[in-house]
file my_file_13.txt (compact mmCIF, C-alpha atoms and all ligand atoms)
# COMPACT_ATOMS: atom_id res chain seq x y z
CA MET A 1 133.51 109.45 107.46
CA MET A 2 134.90 105.95 107.85
CA ASN A 3 138.66 105.79 108.05
CA ILE A 4 139.19 102.88 105.67
CA ASN A 5 142.98 102.88 105.98
CA LYS A 6 142.72 102.51 109.74
CA LEU A 7 140.09 99.82 109.32
CA ARG A 8 142.27 97.90 106.88
CA GLU A 9 144.98 97.62 109.54
CA GLN A 10 142.59 95.15 111.15
CA PHE A 11 142.87 92.96 108.03
CA PRO A 12 146.55 92.20 107.41
CA VAL A 13 145.66 89.59 104.78
CA LEU A 14 144.63 92.42 102.44
CA ASP A 15 148.09 93.90 102.55
CA GLN A 16 149.86 91.56 100.17
CA GLN A 17 150.95 91.22 96.59
CA VAL A 18 149.58 88.64 94.19
CA TYR A 19 151.75 87.96 91.13
CA GLY A 20 153.60 91.16 91.99
CA LYS A 21 150.40 93.26 92.09
CA PRO A 22 148.61 94.59 95.18
CA LEU A 23 145.77 92.25 96.07
CA VAL A 24 142.27 93.54 95.36
CA TYR A 25 139.93 91.20 97.18
CA PHE A 26 136.46 91.31 95.61
CA ASP A 27 135.33 87.80 96.54
CA ASN A 28 133.58 88.80 99.73
CA ALA A 29 130.30 87.07 98.93
CA ALA A 30 132.22 83.77 99.03
CA THR A 31 133.90 84.65 102.30
CA THR A 32 135.01 87.82 104.02
CA GLN A 33 138.42 88.35 105.53
CA LYS A 34 138.70 88.27 109.31
CA PRO A 35 139.79 91.21 111.45
CA LEU A 36 142.64 90.78 113.94
CA CYS A 37 140.25 91.03 116.88
CA VAL A 38 138.40 87.92 115.64
CA ILE A 39 141.59 85.98 115.01
CA GLU A 40 142.91 86.98 118.42
CA ARG A 41 139.68 86.00 120.17
CA GLU A 42 139.86 82.49 118.77
CA ARG A 43 143.56 82.23 119.57
CA ASP A 44 142.93 83.50 123.06
CA TYR A 45 140.31 80.85 123.61
CA TYR A 46 142.78 78.11 122.73
CA LEU A 47 145.52 79.75 124.78
CA HIS A 48 143.52 80.30 127.95
CA GLU A 49 140.03 78.84 127.95
CA ASN A 50 139.91 75.72 125.78
CA CYS A 51 137.66 73.10 127.25
CA ASN A 52 134.67 71.02 126.30
CA ILE A 53 131.53 72.80 127.36
CA HIS A 54 128.34 71.93 129.26
CA ARG A 55 129.88 68.82 130.77
CA GLY A 56 132.44 69.79 133.36
CA VAL A 57 132.16 71.03 136.89
CA HIS A 58 135.71 72.37 136.76
CA TYR A 59 136.78 75.96 136.24
CA LEU A 60 137.80 75.88 132.57
CA SER A 61 134.72 74.02 131.48
CA GLN A 62 132.48 76.48 133.25
CA LYS A 63 134.37 79.43 131.82
CA ALA A 64 134.14 78.07 128.27
CA THR A 65 130.45 77.25 128.75
CA GLU A 66 129.71 80.76 129.98
CA ALA A 67 131.60 82.32 127.08
CA TYR A 68 129.78 80.11 124.56
CA GLU A 69 126.37 80.95 126.00
CA HIS A 70 127.31 84.62 126.08
CA ALA A 71 128.11 84.38 122.36
CA ARG A 72 124.66 82.88 121.79
CA GLN A 73 123.04 85.83 123.54
CA THR A 74 125.11 88.23 121.43
CA VAL A 75 123.90 86.55 118.23
CA ALA A 76 120.30 86.66 119.50
CA ASP A 77 120.59 90.39 120.22
CA PHE A 78 122.29 91.06 116.89
CA ILE A 79 119.39 89.69 114.86
CA HIS A 80 116.82 90.71 117.46
CA ALA A 81 115.63 87.24 118.39
CA ASN A 82 113.27 87.13 121.30
CA GLU A 83 115.36 84.69 123.33
CA ALA A 84 118.86 83.16 123.21
CA ARG A 85 117.37 79.65 123.09
CA GLU A 86 116.06 80.49 119.63
CA ILE A 87 119.65 80.47 118.35
CA VAL A 88 121.18 77.13 117.38
CA PHE A 89 124.87 77.16 116.53
CA THR A 90 125.65 75.23 113.35
CA ARG A 91 128.55 75.04 110.91
CA GLY A 92 126.82 77.61 108.71
CA THR A 93 123.97 78.25 106.31
CA THR A 94 124.24 74.90 104.55
CA GLU A 95 124.12 72.90 107.74
CA SER A 96 121.26 75.01 109.08
CA LEU A 97 119.23 74.33 105.94
CA ASN A 98 119.99 70.62 106.02
CA LEU A 99 118.96 70.59 109.65
CA LEU A 100 115.63 72.19 108.77
CA ALA A 101 114.95 69.99 105.75
CA THR A 102 115.66 66.82 107.74
CA SER A 103 113.71 67.96 110.74
CA PHE A 104 110.70 69.05 108.70
CA GLU A 105 110.81 65.74 106.87
CA HIS A 106 110.48 63.80 110.09
CA PHE A 107 107.95 66.23 111.49
CA PHE A 108 105.30 66.55 108.81
CA ILE A 109 106.32 65.74 105.24
CA GLU A 110 104.01 63.27 103.55
CA LYS A 111 103.67 61.70 100.15
CA GLY A 112 103.34 64.29 97.39
CA ASP A 113 104.17 67.31 99.58
CA LYS A 114 105.67 70.47 98.12
CA VAL A 115 108.26 73.02 99.22
CA LEU A 116 108.40 76.48 97.69
CA VAL A 117 111.74 78.08 96.75
CA THR A 118 112.72 80.68 94.15
CA THR A 119 114.68 80.55 90.89
CA MET A 120 117.54 82.45 92.48
CA GLU A 121 118.39 80.08 95.32
CA HIS A 122 121.92 78.97 96.14
CA HIS A 123 122.16 75.17 95.84
CA SER A 124 122.28 75.01 99.64
CA ASN A 125 118.73 76.32 99.75
CA LEU A 126 117.54 74.10 96.95
CA VAL A 127 119.12 70.65 97.01
CA PRO A 128 118.25 69.76 100.65
CA TRP A 129 114.58 70.60 99.98
CA GLN A 130 114.60 68.93 96.56
CA GLN A 131 116.07 65.71 97.92
CA MET A 132 113.66 65.76 100.81
CA VAL A 133 110.48 66.16 98.72
CA GLN A 134 111.70 63.67 96.13
CA ARG A 135 111.99 61.01 98.82
CA HIS A 136 108.23 61.48 99.22
CA GLN A 137 107.29 61.75 95.55
CA GLY A 138 106.71 65.45 96.13
CA GLN A 139 108.02 68.45 94.24
CA LEU A 140 109.62 71.85 94.48
CA LEU A 141 107.53 74.85 93.53
CA VAL A 142 109.71 77.57 92.08
CA VAL A 143 108.93 81.31 92.05
CA PRO A 144 110.06 82.74 88.68
CA MET A 145 111.85 86.05 88.19
CA ASP A 146 112.01 88.66 85.44
CA ASP A 147 115.00 89.66 83.31
CA ASN A 148 116.21 92.10 85.95
CA GLY A 149 116.30 89.37 88.57
CA VAL A 150 113.16 90.45 90.42
CA LEU A 151 110.80 87.80 91.79
CA ASP A 152 107.30 87.59 90.37
CA LEU A 153 105.11 88.08 93.42
CA GLU A 154 101.88 87.35 91.54
CA GLN A 155 103.22 83.90 90.69
CA TYR A 156 104.40 83.57 94.27
CA GLU A 157 100.86 84.17 95.49
CA LYS A 158 99.54 81.56 93.07
CA LEU A 159 102.15 79.02 94.17
CA LEU A 160 101.25 79.62 97.81
CA GLN A 161 97.75 78.46 96.89
CA GLU A 162 99.23 75.07 95.99
CA SER A 163 99.81 74.60 99.73
CA PRO A 164 103.55 74.05 100.02
CA LYS A 165 104.55 72.82 103.47
CA VAL A 166 107.47 75.26 103.74
CA VAL A 167 108.65 78.42 101.96
CA SER A 168 112.42 78.92 101.82
CA ILE A 169 113.84 82.03 100.15
CA ALA A 170 117.09 83.97 99.89
CA HIS A 171 117.17 87.37 101.53
CA ILE A 172 119.79 88.53 99.01
CA SER A 173 120.78 86.55 95.92
CA ASN A 174 124.47 85.64 95.82
CA VAL A 175 124.47 85.91 92.02
CA LEU A 176 122.16 88.82 91.27
CA GLY A 177 122.46 90.93 94.39
CA THR A 178 118.65 91.25 94.43
CA ILE A 179 117.25 92.09 97.84
CA ASN A 180 114.02 90.16 98.10
CA PRO A 181 111.02 91.66 99.94
CA VAL A 182 111.22 89.01 102.63
CA LYS A 183 108.95 90.75 105.10
CA GLN A 184 106.16 91.02 102.55
CA MET A 185 106.76 87.46 101.31
CA THR A 186 106.67 86.15 104.87
CA ALA A 187 103.37 87.91 105.55
CA MET A 188 101.93 86.46 102.33
CA ALA A 189 102.98 82.90 103.27
CA HIS A 190 101.60 83.32 106.78
CA GLN A 191 98.19 84.13 105.34
CA TYR A 192 98.17 80.54 104.16
CA GLY A 193 99.65 79.27 107.44
CA ILE A 194 102.96 78.30 105.79
CA PRO A 195 106.23 78.61 107.75
CA VAL A 196 109.02 80.69 106.17
CA VAL A 197 112.77 80.12 106.15
CA ILE A 198 115.03 83.03 105.17
CA ASP A 199 118.51 82.30 103.83
CA GLY A 200 120.44 85.25 105.22
CA ALA A 201 123.91 84.18 104.05
CA GLN A 202 124.33 87.31 101.90
CA SER A 203 122.41 89.80 104.00
CA ILE A 204 123.70 89.47 107.53
CA ALA A 205 127.01 91.27 106.97
CA HIS A 206 125.48 94.17 105.08
CA HIS A 207 122.08 94.96 106.53
CA PRO A 208 120.59 95.14 109.99
CA ILE A 209 118.55 92.00 110.58
CA ASP A 210 115.46 92.02 112.75
CA VAL A 211 113.89 88.56 112.69
CA GLN A 212 110.91 89.70 114.73
CA ASP A 213 110.20 92.50 112.32
CA ILE A 214 110.49 90.19 109.30
CA ASP A 215 108.41 87.71 111.32
CA CYS A 216 110.12 84.79 109.57
CA ASP A 217 109.93 81.45 111.33
CA PHE A 218 113.58 80.64 110.63
CA PHE A 219 116.63 82.63 109.59
CA VAL A 220 119.95 80.97 108.67
CA PHE A 221 123.42 82.44 108.19
CA SER A 222 127.17 81.73 108.05
CA GLY A 223 129.76 83.40 110.27
CA HIS A 224 132.51 83.35 107.66
CA LYS A 225 130.57 85.73 105.42
CA MET A 226 130.36 88.30 108.23
CA TYR A 227 134.02 88.62 109.28
CA ALA A 228 133.84 85.62 111.65
CA PRO A 229 135.75 82.32 111.44
CA MET A 230 134.78 79.46 109.17
CA GLY A 231 132.92 76.51 110.63
CA ILE A 232 130.38 78.51 112.62
CA GLY A 233 126.98 79.89 111.76
CA GLY A 234 123.48 79.82 113.02
CA LEU A 235 119.90 78.91 112.78
CA TYR A 236 117.32 81.18 114.32
CA GLY A 237 113.94 79.59 114.83
CA LYS A 238 110.87 80.81 116.66
CA ALA A 239 110.79 78.90 119.92
CA GLU A 240 107.34 77.48 119.20
CA TRP A 241 108.70 75.92 116.00
CA LEU A 242 111.96 74.65 117.44
CA GLU A 243 110.04 73.08 120.31
CA LYS A 244 107.94 71.10 117.85
CA LEU A 245 110.66 70.00 115.43
CA PRO A 246 112.55 66.77 116.10
CA PRO A 247 116.35 66.72 116.48
CA TYR A 248 118.57 66.48 113.44
CA GLN A 249 121.63 64.65 114.76
CA PHE A 250 121.99 62.53 117.85
CA GLY A 251 124.56 62.16 120.61
CA GLY A 252 126.33 64.34 123.14
CA GLU A 253 124.53 67.05 125.04
CA MET A 254 121.36 66.90 122.96
CA VAL A 255 119.89 64.20 125.18
CA ASP A 256 118.10 64.40 128.49
CA THR A 257 117.92 60.74 129.51
CA VAL A 258 119.09 57.63 127.68
CA SER A 259 118.32 53.96 128.18
CA PHE A 260 118.47 51.09 125.71
CA GLU A 261 114.71 51.36 125.30
CA LYS A 262 114.28 55.09 125.03
CA THR A 263 115.94 58.50 124.77
CA THR A 264 114.45 61.83 125.78
CA PHE A 265 115.90 65.05 124.46
CA ASN A 266 117.36 68.16 126.02
CA VAL A 267 115.66 71.56 126.02
CA LEU A 268 116.25 74.25 123.40
CA PRO A 269 118.64 74.98 121.86
CA TYR A 270 120.75 71.99 122.97
CA LYS A 271 118.33 69.54 121.37
CA PHE A 272 119.79 70.66 118.03
CA GLU A 273 123.45 70.78 119.02
CA ALA A 274 124.72 67.20 118.96
CA GLY A 275 128.38 66.55 119.68
CA THR A 276 131.12 68.97 120.61
CA PRO A 277 130.52 72.37 119.03
CA ASN A 278 133.10 74.74 117.56
CA VAL A 279 133.41 76.84 120.70
CA GLY A 280 136.43 78.89 119.58
CA ALA A 281 134.67 79.88 116.34
CA ALA A 282 131.49 80.80 118.22
CA LEU A 283 133.52 83.18 120.34
CA GLY A 284 135.10 84.53 117.16
CA LEU A 285 131.60 85.07 115.78
CA GLU A 286 130.68 87.05 118.87
CA THR A 287 133.76 89.23 118.40
CA ALA A 288 132.91 89.75 114.71
CA ILE A 289 129.45 90.95 115.76
CA GLN A 290 130.98 93.29 118.32
CA PHE A 291 133.37 94.53 115.64
CA LEU A 292 130.40 95.33 113.36
CA GLN A 293 128.48 96.90 116.22
CA GLY A 294 131.45 99.17 116.89
CA LEU A 295 131.16 100.69 113.41
CA ASN A 296 128.68 103.28 112.27
CA LYS A 297 126.07 101.22 110.40
CA SER A 298 124.89 103.96 108.11
CA GLU A 299 128.46 104.90 107.20
CA VAL A 300 129.26 101.27 106.37
CA GLU A 301 126.14 100.97 104.26
CA ALA A 302 126.84 104.25 102.46
CA HIS A 303 130.42 103.17 101.78
CA GLU A 304 129.43 99.77 100.40
CA THR A 305 126.71 101.37 98.26
CA GLN A 306 129.23 103.82 96.87
CA LEU A 307 131.60 100.98 95.94
CA LEU A 308 128.82 99.11 94.19
CA GLN A 309 127.43 102.10 92.33
CA SER A 310 130.86 103.20 91.21
CA ALA A 311 131.65 99.69 89.94
CA ILE A 312 128.33 99.44 88.06
CA GLN A 313 128.65 102.88 86.55
CA GLN A 314 132.21 102.31 85.31
CA LEU A 315 131.51 98.78 84.13
CA SER A 316 128.60 100.03 82.03
CA GLU A 317 131.17 101.80 79.83
CA VAL A 318 132.80 98.47 78.94
CA GLU A 319 131.92 97.39 75.42
CA GLY A 320 129.68 94.33 75.22
CA ILE A 321 128.90 94.21 78.94
CA ARG A 322 125.71 92.55 80.14
CA PHE A 323 124.74 92.84 83.78
CA ILE A 324 123.09 89.80 85.30
CA GLY A 325 120.81 91.14 88.01
CA GLN A 326 119.56 94.69 87.71
CA ALA A 327 116.93 94.86 90.41
CA GLU A 328 116.33 98.26 91.92
CA GLN A 329 116.71 96.71 95.36
CA HIS A 330 120.25 95.54 94.92
CA SER A 331 123.12 95.05 97.30
CA GLY A 332 126.73 94.07 97.80
CA LEU A 333 127.79 92.65 94.45
CA VAL A 334 127.77 92.99 90.69
CA SER A 335 127.56 90.05 88.28
CA PHE A 336 128.27 90.42 84.58
CA ILE A 337 129.42 88.85 81.35
CA ILE A 338 131.17 90.45 78.39
CA LYS A 339 130.22 89.53 74.85
CA GLY A 340 132.78 87.18 73.28
CA VAL A 341 134.64 86.63 76.55
CA HIS A 342 134.27 83.51 78.68
CA PRO A 343 133.80 84.45 82.37
CA TYR A 344 136.39 81.89 83.41
CA ASP A 345 139.05 83.40 81.12
CA LEU A 346 138.26 86.88 82.35
CA GLY A 347 138.50 85.78 86.00
CA THR A 348 141.83 84.06 85.34
CA LEU A 349 143.32 87.14 83.71
CA LEU A 350 142.01 89.41 86.47
CA ASP A 351 143.69 87.15 88.98
CA LYS A 352 147.01 87.62 87.21
CA MET A 353 146.47 91.36 87.66
CA GLY A 354 145.95 90.90 91.40
CA VAL A 355 142.15 91.12 91.32
CA ALA A 356 140.27 88.31 93.05
CA VAL A 357 136.73 87.86 91.71
CA ARG A 358 134.59 84.77 91.44
CA THR A 359 133.58 83.24 88.13
CA GLY A 360 131.19 80.44 87.27
CA HIS A 361 127.70 79.52 88.35
CA HIS A 362 128.21 80.55 91.99
CA CYS A 363 126.41 77.42 93.21
CA ALA A 364 123.22 78.64 91.59
CA GLU A 365 122.99 76.73 88.31
CA PRO A 366 119.27 77.39 87.80
CA VAL A 367 120.05 81.12 87.65
CA MET A 368 122.48 80.46 84.80
CA THR A 369 119.85 78.38 83.03
CA ARG A 370 117.31 81.17 83.51
CA PHE A 371 119.60 83.68 81.80
CA GLY A 372 120.96 81.19 79.25
CA ILE A 373 124.60 81.74 80.23
CA PRO A 374 127.42 79.44 81.39
CA GLY A 375 128.41 81.66 84.31
CA THR A 376 129.19 85.21 85.33
CA VAL A 377 132.05 87.21 86.74
CA ARG A 378 131.06 88.43 90.18
CA ALA A 379 132.71 91.21 92.14
CA SER A 380 131.46 91.46 95.69
CA PHE A 381 132.35 94.14 98.20
CA ALA A 382 133.02 94.46 101.90
CA LEU A 383 133.50 97.36 104.23
CA TYR A 384 137.31 97.32 103.87
CA ASN A 385 137.30 97.77 100.08
CA THR A 386 138.18 101.14 98.60
CA ILE A 387 137.20 103.27 95.64
CA GLU A 388 140.80 103.01 94.41
CA GLU A 389 140.39 99.23 94.33
CA VAL A 390 137.24 99.63 92.24
CA GLU A 391 139.28 101.71 89.79
CA THR A 392 142.05 99.09 89.63
CA PHE A 393 139.38 96.47 89.01
CA ILE A 394 137.78 98.47 86.18
CA LYS A 395 141.13 99.06 84.49
CA ALA A 396 141.91 95.36 84.79
CA VAL A 397 138.52 94.37 83.33
CA LYS A 398 138.98 96.71 80.37
CA LYS A 399 142.50 95.45 79.71
CA ALA A 400 141.57 91.78 80.09
CA ALA A 401 138.49 92.16 77.86
CA MET A 402 140.64 93.71 75.13
CA MET A 403 143.17 90.90 75.37
CA LEU A 404 140.52 88.19 75.23
CA ARG A 405 138.32 89.53 72.47
N1 LIG A 501 123.06 80.66 100.60
C1 LIG A 501 123.59 81.72 99.96
C2 LIG A 501 122.68 82.79 99.43
C3 LIG A 501 124.97 81.80 99.80
O1 LIG A 501 125.50 82.85 99.17
C4 LIG A 501 125.79 80.75 100.31
C5 LIG A 501 127.24 80.78 100.09
O2 LIG A 501 127.75 81.42 99.19
C6 LIG A 501 125.18 79.69 100.99
C7 LIG A 501 123.81 79.67 101.11
C8 LIG A 501 125.99 78.59 101.59
O3 LIG A 501 126.75 79.10 102.65
P1 LIG A 501 127.82 78.19 103.40
O4 LIG A 501 128.72 77.62 102.35
O5 LIG A 501 128.53 79.13 104.31
O6 LIG A 501 127.08 77.14 104.14
call {"tool": "encode", "arguments": {"input": "my_file_13.txt", "output": "structure tokens"}}
result
Amino acid sequence: MMNINKLREQFPVLDQQVYGKPLVYFDNAATTQKPLCVIERERDYYLHENCNIHRGVHYLSQKATEAYEHARQTVADFIHANEAREIVFTRGTTESLNLLATSFEHFFIEKGDKVLVTTMEHHSNLVPWQQMVQRHQGQLLVVPMDDNGVLDLEQYEKLLQESPKVVSIAHISNVLGTINPVKQMTAMAHQYGIPVVIDGAQSIAHHPIDVQDIDCDFFVFSGHKMYAPMGIGGLYGKAEWLEKLPPYQFGGEMVDTVSFEKTTFNVLPYKFEAGTPNVGAALGLETAIQFLQGLNKSEVEAHETQLLQSAIQQLSEVEGIRFIGQAEQHSGLVSFIIKGVHPYDLGTLLDKMGVAVRTGHHCAEPVMTRFGIPGTVRASFALYNTIEEVETFIKAVKKAAMMLR
């Protein structure tokens, strides 16, 4: 059994009062809290190792470079990439997706081309592709979903026949909690020779990721959603793809040779890492991974599942509740609305009771349009949350709903 109290000692931020009430932090899908070991790793870097990397012959620069490259290897191992050079450090999921959209655009997007996404994408996995195809009079193809928030794979197959240049899909929806069958969807796209990008922002902290098993061509994620610092994340790409794609930004260590007439570019992954990277955060990311690796995966998963199931079961007793997202394959969060109660008002009242949830469209407006609602209340869980917190949350929801109706 996981000792949650002991674990929570690693997260001092959780131990505080909000408006005189103990904080219940259920906004983990937006960002997780950071354990002390991660905070200390970053601090330690600035205390003892800070230096710009890859450029210096001196001791500190070499030490920082080694640590940064070690972190890259740790990320590669964590998601089971074949090689460390298949990992590009970025600021996070959004930057990784912008990198890919820009790079694909320069590589092979032509007039009228299409990109395939799904109805449940976060704006970060929608707008970069939309803007990119629109610059070429192309269009987005969108896989629909049913009322439970499950993708329609028959339609997906049909849309693949329209020859999109890229498929880009969420592993887990940040609104619905649906776990999409990304391995199957990747295999289907590959039958048509289409490369697949997986947005792993919501999956990486909760489920083991094996990019070789999924066989996706790209996998993107954010460190801050997996107990690591903000401002760091990654892009995994199969080496054969990253080799082909042109750079996204220019300057710094991404070059090989430069003259006024011509520039040649560095090898992978440096070709995609222009400018000075966030070294301290990359080391924090490595420590967050080690922190996760030090826990018993199945215990963590069982604990998070228990939190979710308990929340869903108790919420279903609330009068007028409507769950948004009821897929069987569901993870990490619950989204809902209550008849006659605006999600924003409910979220504001919950906050006054010490409960932090997210309300609104969660950067996925097309999902709201699909369900004909203005927004939802979303409670999302992490390994440090407790069953007692779920109970506090339920009591607060019931009380707030009564006050607002
Ligand atoms: N994709 C999904 C599914 C998300 O949930 C999020 C953030 O909530 C993002 C992309 C964007 O992540 P970031 O803001 O860390 O770049």
call {"tool": "axis_aligned_box", "arguments": {"input": "my_file_13.txt", "around": "ligand LIG 501 (chain A)", "padding_each_side": "6 Å", "output": "JSON"}}
result
{"center_x": 125.7, "center_y": 80.0, "center_z": 101.7, "size_x": 18.0, "size_y": 17.7, "size_z": 17.1}
call {"tool": "closest_residue", "arguments": {"input": "my_file_13.txt", "among": "A:Gln161, A:Thr102, A:Ser173, A:Gln137", "to": "ligand LIG 501 (chain A)", "atoms": "only C-alpha atoms and all ligand atoms"}}
result
A:Ser173
call {"tool": "closest_residue", "arguments": {"input": "my_file_13.txt", "among": "A:Asn148, A:Asn125, A:Ser331, A:Thr386", "to": "ligand LIG 501 (chain A)", "atoms": "only C-alpha atoms and all ligand atoms"}}
result
A:Asn125
call {"tool": "residues_near_ligand", "arguments": {"input": "my_file_13.txt", "ligand": "ligand LIG 501 (chain A)", "cutoff": "9 Å", "atoms": "only C-alpha atoms and all ligand atoms", "output": "MDAnalysis selection string"}}
result
chainID A and resid 29:31 91:97 120:125 169:175 199:203 220:225 230:233 362:364
call {"tool": "closest_atom_pairs", "arguments": {"input": "my_file_13.txt", "of": "region 84-147 of chain A", "to": "region 369-382 of chain A", "cutoff": "10 Å", "atoms": "all atoms listed in the file", "output": "CSV"}}
result
residue,atom,partner,partner_atom,distance
A:Thr119,CA,A:Arg370,CA,7.9
A:Met120,CA,A:Arg370,CA,9.1
A:Pro144,CA,A:Arg370,CA,9.0
A:Met145,CA,A:Arg370,CA,8.7
A:Asp146,CA,A:Arg370,CA,9.4
A:Asp147,CA,A:Phe371,CA,7.7
call {"tool": "closest_residue", "arguments": {"input": "my_file_13.txt", "among": "A:Leu176, A:Val117, A:Leu36, A:Met2", "to": "Val150 (chain A)", "atoms": "all atoms listed in the file"}}
result
A:Leu176
call {"tool": "residues_near_point", "arguments": {"input": "my_file_13.txt", "point": "(116.9, 89.9, 113.7)", "cutoff": "8 Å", "atoms": "all atoms listed in the file", "output": "ChimeraX atom specification"}}
result
/A:76-81,208-214
call {"tool": "residues_around", "arguments": {"input": "my_file_13.txt", "residues": "Gln290 (chain A)", "least_positions_apart": "5", "cutoff": "12 Å", "atoms": "only C-alpha atoms", "output": "list in words"}}
result
Pro35, Cys37, Val38, Arg41, Ala71, Thr74, Val75, Asp77, Phe78, Met226, Tyr227, Ala228, Leu283, Gly284, Leu285, Leu295 and Asn296 of chain A
call {"tool": "write_last_selection", "arguments": {"input": "my_file_13.txt", "atoms": "C-alpha atoms", "output": "compact mmCIF listing (two decimals), in the coordinates of the input"}}
result
# COMPACT_ATOMS: atom_id res chain seq x y z
CA PRO A 35 139.79 91.21 111.45
CA CYS A 37 140.25 91.03 116.88
CA VAL A 38 138.40 87.92 115.64
CA ARG A 41 139.68 86.00 120.17
CA ALA A 71 128.11 84.38 122.36
CA THR A 74 125.11 88.23 121.43
CA VAL A 75 123.90 86.55 118.23
CA ASP A 77 120.59 90.39 120.22
CA PHE A 78 122.29 91.06 116.89
CA MET A 226 130.36 88.30 108.23
CA TYR A 227 134.02 88.62 109.28
CA ALA A 228 133.84 85.62 111.65
CA LEU A 283 133.52 83.18 120.34
CA GLY A 284 135.10 84.53 117.16
CA LEU A 285 131.60 85.07 115.78
CA LEU A 295 131.16 100.69 113.41
CA ASN A 296 128.68 103.28 112.27
call {"tool": "residues_near_point", "arguments": {"input": "my_file_13.txt", "point": "(132.3, 74.7, 127.8)", "cutoff": "12 Å", "atoms": "only C-alpha atoms", "output": "PyMOL selection string"}}
result
chain A and resi 45+49-71+253+276-280+282-283
call {"tool": "write_last_selection", "arguments": {"input": "my_file_13.txt", "atoms": "C-alpha atoms", "output": "compact mmCIF listing (two decimals), keeping the file's coordinate frame"}}
result
# COMPACT_ATOMS: atom_id res chain seq x y z
CA TYR A 45 140.31 80.85 123.61
CA GLU A 49 140.03 78.84 127.95
CA ASN A 50 139.91 75.72 125.78
CA CYS A 51 137.66 73.10 127.25
CA ASN A 52 134.67 71.02 126.30
CA ILE A 53 131.53 72.80 127.36
CA HIS A 54 128.34 71.93 129.26
CA ARG A 55 129.88 68.82 130.77
CA GLY A 56 132.44 69.79 133.36
CA VAL A 57 132.16 71.03 136.89
CA HIS A 58 135.71 72.37 136.76
CA TYR A 59 136.78 75.96 136.24
CA LEU A 60 137.80 75.88 132.57
CA SER A 61 134.72 74.02 131.48
CA GLN A 62 132.48 76.48 133.25
CA LYS A 63 134.37 79.43 131.82
CA ALA A 64 134.14 78.07 128.27
CA THR A 65 130.45 77.25 128.75
CA GLU A 66 129.71 80.76 129.98
CA ALA A 67 131.60 82.32 127.08
CA TYR A 68 129.78 80.11 124.56
CA GLU A 69 126.37 80.95 126.00
CA HIS A 70 127.31 84.62 126.08
CA ALA A 71 128.11 84.38 122.36
CA GLU A 253 124.53 67.05 125.04
CA THR A 276 131.12 68.97 120.61
CA PRO A 277 130.52 72.37 119.03
CA ASN A 278 133.10 74.74 117.56
CA VAL A 279 133.41 76.84 120.70
CA GLY A 280 136.43 78.89 119.58
CA ALA A 282 131.49 80.80 118.22
CA LEU A 283 133.52 83.18 120.34
call {"tool": "atom_distance", "arguments": {"input": "my_file_13.txt", "atom1": "CA of Leu140 (chain A)", "atom2": "CA of Thr90 (chain A)"}}
result
25.0 Å
call {"tool": "closest_residue", "arguments": {"input": "my_file_13.txt", "among": "A:Gly138, A:Gly112, A:Pro366, A:Pro229", "to": "Ile289 (chain A)", "atoms": "all atoms listed in the file"}}
result
A:Pro229
call {"tool": "atom_distance", "arguments": {"input": "my_file_13.txt", "atom1": "CA of Pro247 (chain A)", "atom2": "CA of Gly193 (chain A)"}}
result
22.8 Å
